[in-house]
Protein chains: 2
Amino acid sequence: MESEDADRVTRLLAPRLHMLAALARTEHVTRAAEVLGMPQPTLSRAIARLQEDTGLTLVERTGRGVRLTRAGRLLLPHVERALADLARGVGELTDADRGRVGLTFLPTLGVEVVPALLRDFRRARPDVRFTLVQEPWADSLRRLAAGGADLALTSPLPADPLLESTVLHTQALRLVVPEHHRLAAAGRAVALAEVAGEEFVLLKPGRGVRHLTDLITDRAALTPKVAFEADDIATARGLAGAGLGVTVLPARPRGPLPGTVELALSDPGAVRPIGVVHPARGSGGGYTPPAVATFLEHVRRHGPRLIPDLTG
Amino acid sequence: MESEDADRVTRLLAPRLHMLAALARTEHVTRAAEVLGMPQPTLSRAIARLQEDTGLTLVERTGRGVRLTRAGRLLLPHVERALADLARGVGELTDADRGRVGLTFLPTLGVEVVPALLRDFRRARPDVRFTLVQEPWADSLRRLAAGGADLALTSPLPADPLLESTVLHTQALRLVVPEHHRLAAAGRAVALAEVAGEEFVLLKPGRGVRHLTDLITDRAALTPKVAFEADDIATARGLAGAGLGVTVLPARPRGPLPGTVELALSDPGAVRPIGVVHPARGSGGGYTPPAVATFLEHVRRHGPRLIPDLTG
DNA sequence: TCTGACCCATACTGGATCGCATGGAATCCG
DNA sequence: CGGATTCCATGCGATCCAGTATGGGTCAGA
């Protein structure tokens, strides 16, 4: 019951935090009202009501001025701390220099791309904090949609109208075959249908590349025989080179892995766009904190330069 | 301008602290409204207004429910901390077990009386904090009137109608003369007028005993010749014993100091009431925190037992 | 697919609050 | 010591907000 009463008083107190703080600092109703940008009578009566409602006497008249009572003086530091807490919280939402950015990104990008982006950005704005999550495509998008992150660096980019995307770099998808494969020496673009009956090395479900290969095979009306579902691109490439099957992967920046041959695909949509995704302004996340917007801009500007060389 | 904006948002946010917190905890407008004890539409619109005014999107509809946006989730801990700060502050004012008591007291009482009172009280309520100030009579009362303390243990008790007093013990004032003084062997009550022309050892201005002797000498229409103004009673007593002059002091509990003789005074008002003083409920302090009221009660109950033996 | 249940948002009315102008009280200065 | 000044409190009219009833939208189950 004590605490219920305290809660009641707290709730009555909350709306008048600023008034109380200003009044405490000035000990002068008229001046405090000026500081608060409100008419003097408003403040005067608001305080009067507050005291009547709570039963506390926080200020009292002394001559023609006012001053805080002992109770008011005891309460003041708590009020100011509460206001400071609020201001700090609001600041993180509204200041471009102090906010927090939640970023989820592909495992591949964690090696060099994300560190490079962060390094450059933090040089300019060292007080922006980051919450980083490294996870596959599907998880990233799910987290983004659920509000668990502000931005996703991933691939491919979703069609979801609630998510907005910016392409930073587009890799070509290639058919990767072992060097002794019958098509290895074809020297031309091939269609996926030409390897329809072969064993495929795929990525695990939920991976972006897997989603892309699913789309392509669906469009080519073929159901690949799955030899293995790899956890990452490098593993799939290696297994293909080992002869376990063919696979469809982004072109390797440094050239085909020794023991493998990369063939251009004639199938439509054989590309892997890498980009940054964020909730659409309209429906998804609503308000975008300045720190997030600033980092997004940074990514859009510098991502295209960093990504091509640093993914594989 | 950034910070002005933050302040504006903070001010808009403050009144809705509880709503936001409840909504965040439940993620359910109807249930949050129940918790807050308000109709559902009220909460619904309050949040809508808040978001419109601030430009922030803190909650969003998701299907037929609501959930916090990322901004809301970032803000939440700050809001809860702010509420906790407030609740703690209010608790100190309204809980008898957790408040703070500002106590100012006579230097003499600091030796044993105040420690004894605190020891007993803190055994029952260990979470009540104390702010202690040790200072002479006039300073104590000034501090009390200015709201710098809740209670004063001092002497004498003021006539000020803004201050309420409770007598805990009354000491007789005696004329203290050296053992070879002409009145030393009188063996009867004497009037101050009988030593009108002699040198007096007084206490310094601002001391309670000095105030009392001023009153008595005024009433007896005599202006004492001041041999010395002592800082404390013991010094005055010692100097009187040394023959520097006569003095008027409270009776020494353990009997007259060797080398001195104490004579009862026939003058009216030759008493020194010791008691506890606090702002009157009506005009002075207004609201009395429970912790203060409880300690005051403790002092009233146990003071009379402790003071007689522990002063001198 | 459609009905029912659930839940958040909106229309309308009564009361509290705000802003303006003014009163009352205390202090300062001549 | 008295007028002027400063400052907080209080009436009065307009506005905003809360409470009640209802609408719109979504999800679950048949």
# chains A, B, ... in the order shown; residues from 1 in each chain; ligands from 1
>>> interface_residues(of="chain A", to="chain D", cutoff="10 Å", atoms="only C-alpha atoms (C1' of nucleotides)", output="ChimeraX atom specification")
/A:28-30,40-41,44-45,48,61,63-66
>>> write_last_selection(atoms="N, CA and C atoms", output="PDB file, in the first residue's frame")
ATOM      1  N   HIS A  28      11.754  30.834  -8.624  1.00  0.00           N
ATOM      2  CA  HIS A  28      11.131  32.057  -9.103  1.00  0.00           C
ATOM      3  C   HIS A  28      10.114  31.653 -10.163  1.00  0.00           C
ATOM      4  N   VAL A  29       8.845  31.772  -9.820  1.00  0.00           N
ATOM      5  CA  VAL A  29       7.801  31.258 -10.702  1.00  0.00           C
ATOM      6  C   VAL A  29       7.823  31.947 -12.060  1.00  0.00           C
ATOM      7  N   THR A  30       7.892  33.260 -12.035  1.00  0.00           N
ATOM      8  CA  THR A  30       7.846  33.997 -13.300  1.00  0.00           C
ATOM      9  C   THR A  30       9.011  33.623 -14.206  1.00  0.00           C
ATOM     10  N   GLN A  40       3.059  32.500 -16.779  1.00  0.00           N
ATOM     11  CA  GLN A  40       3.300  32.334 -15.355  1.00  0.00           C
ATOM     12  C   GLN A  40       2.111  31.701 -14.625  1.00  0.00           C
ATOM     13  N   PRO A  41       0.877  32.114 -14.901  1.00  0.00           N
ATOM     14  CA  PRO A  41      -0.229  31.500 -14.160  1.00  0.00           C
ATOM     15  C   PRO A  41      -0.344  29.998 -14.386  1.00  0.00           C
ATOM     16  N   SER A  44       2.075  28.414 -12.173  1.00  0.00           N
ATOM     17  CA  SER A  44       1.654  28.610 -10.795  1.00  0.00           C
ATOM     18  C   SER A  44       0.562  27.615 -10.402  1.00  0.00           C
ATOM     19  N   ARG A  45      -0.430  27.498 -11.262  1.00  0.00           N
ATOM     20  CA  ARG A  45      -1.512  26.590 -10.907  1.00  0.00           C
ATOM     21  C   ARG A  45      -1.156  25.132 -11.083  1.00  0.00           C
ATOM     22  N   ALA A  48       0.448  24.233  -7.984  1.00  0.00           N
ATOM     23  CA  ALA A  48      -0.559  24.187  -6.917  1.00  0.00           C
ATOM     24  C   ALA A  48      -1.366  22.889  -7.001  1.00  0.00           C
ATOM     25  N   ARG A  61       5.687  29.738  -0.358  1.00  0.00           N
ATOM     26  CA  ARG A  61       5.953  31.154  -0.535  1.00  0.00           C
ATOM     27  C   ARG A  61       6.857  31.623   0.593  1.00  0.00           C
ATOM     28  N   GLY A  63       7.941  35.405   1.546  1.00  0.00           N
ATOM     29  CA  GLY A  63       7.861  36.796   1.155  1.00  0.00           C
ATOM     30  C   GLY A  63       7.164  36.874  -0.181  1.00  0.00           C
ATOM     31  N   ARG A  64       7.758  37.587  -1.115  1.00  0.00           N
ATOM     32  CA  ARG A  64       7.109  37.654  -2.423  1.00  0.00           C
ATOM     33  C   ARG A  64       7.720  36.655  -3.393  1.00  0.00           C
ATOM     34  N   GLY A  65       8.584  35.825  -2.909  1.00  0.00           N
ATOM     35  CA  GLY A  65       9.171  34.810  -3.775  1.00  0.00           C
ATOM     36  C   GLY A  65       8.680  33.430  -3.377  1.00  0.00           C
ATOM     37  N   VAL A  66       9.260  32.448  -3.955  1.00  0.00           N
ATOM     38  CA  VAL A  66       8.978  31.075  -3.542  1.00  0.00           C
ATOM     39  C   VAL A  66      10.306  30.385  -3.290  1.00  0.00           C
TER      40      VAL A  66
END
>>> select_by_dssp(residues="stretch 111-303 of chain A", states="helix (DSSP H, G or I)", output="MDAnalysis selection string")
chainID A and resid 113:124 137:145 192:195 208:219 233:241 290:303
>>> closest_residue(among="A:Thr62, A:Thr69, A:Thr42, A:Thr294", to="chain B", atoms="only C-alpha atoms")
A:Thr69
>>> interface_residues(of="chain A", to="chain B", cutoff="8 Å", atoms="only C-alpha atoms", output="PyMOL selection string")
chain A and resi 2-3+6-7+9-11+14-18+55-57+69-71+74-75+78-79+81-91+93-95+147-150+285-289
>>> closest_atom_pairs(of="chain C", to="chain A", cutoff="8 Å", atoms="only C-alpha atoms (C1' of nucleotides)", output="tab-separated table")
residue	atom	partner	partner_atom	distance
C:DC18	C1'	A:Thr42	CA	6.6
C:DG19	C1'	A:Pro39	CA	7.1
C:DA25	C1'	A:Arg64	CA	7.2
C:DA26	C1'	A:Arg64	CA	5.2
C:DT27	C1'	A:Arg64	CA	7.4
>>> atom_distance(atom1="atom CA of A:Trp137", atom2="atom CA of A:Arg207")
5.3 Å
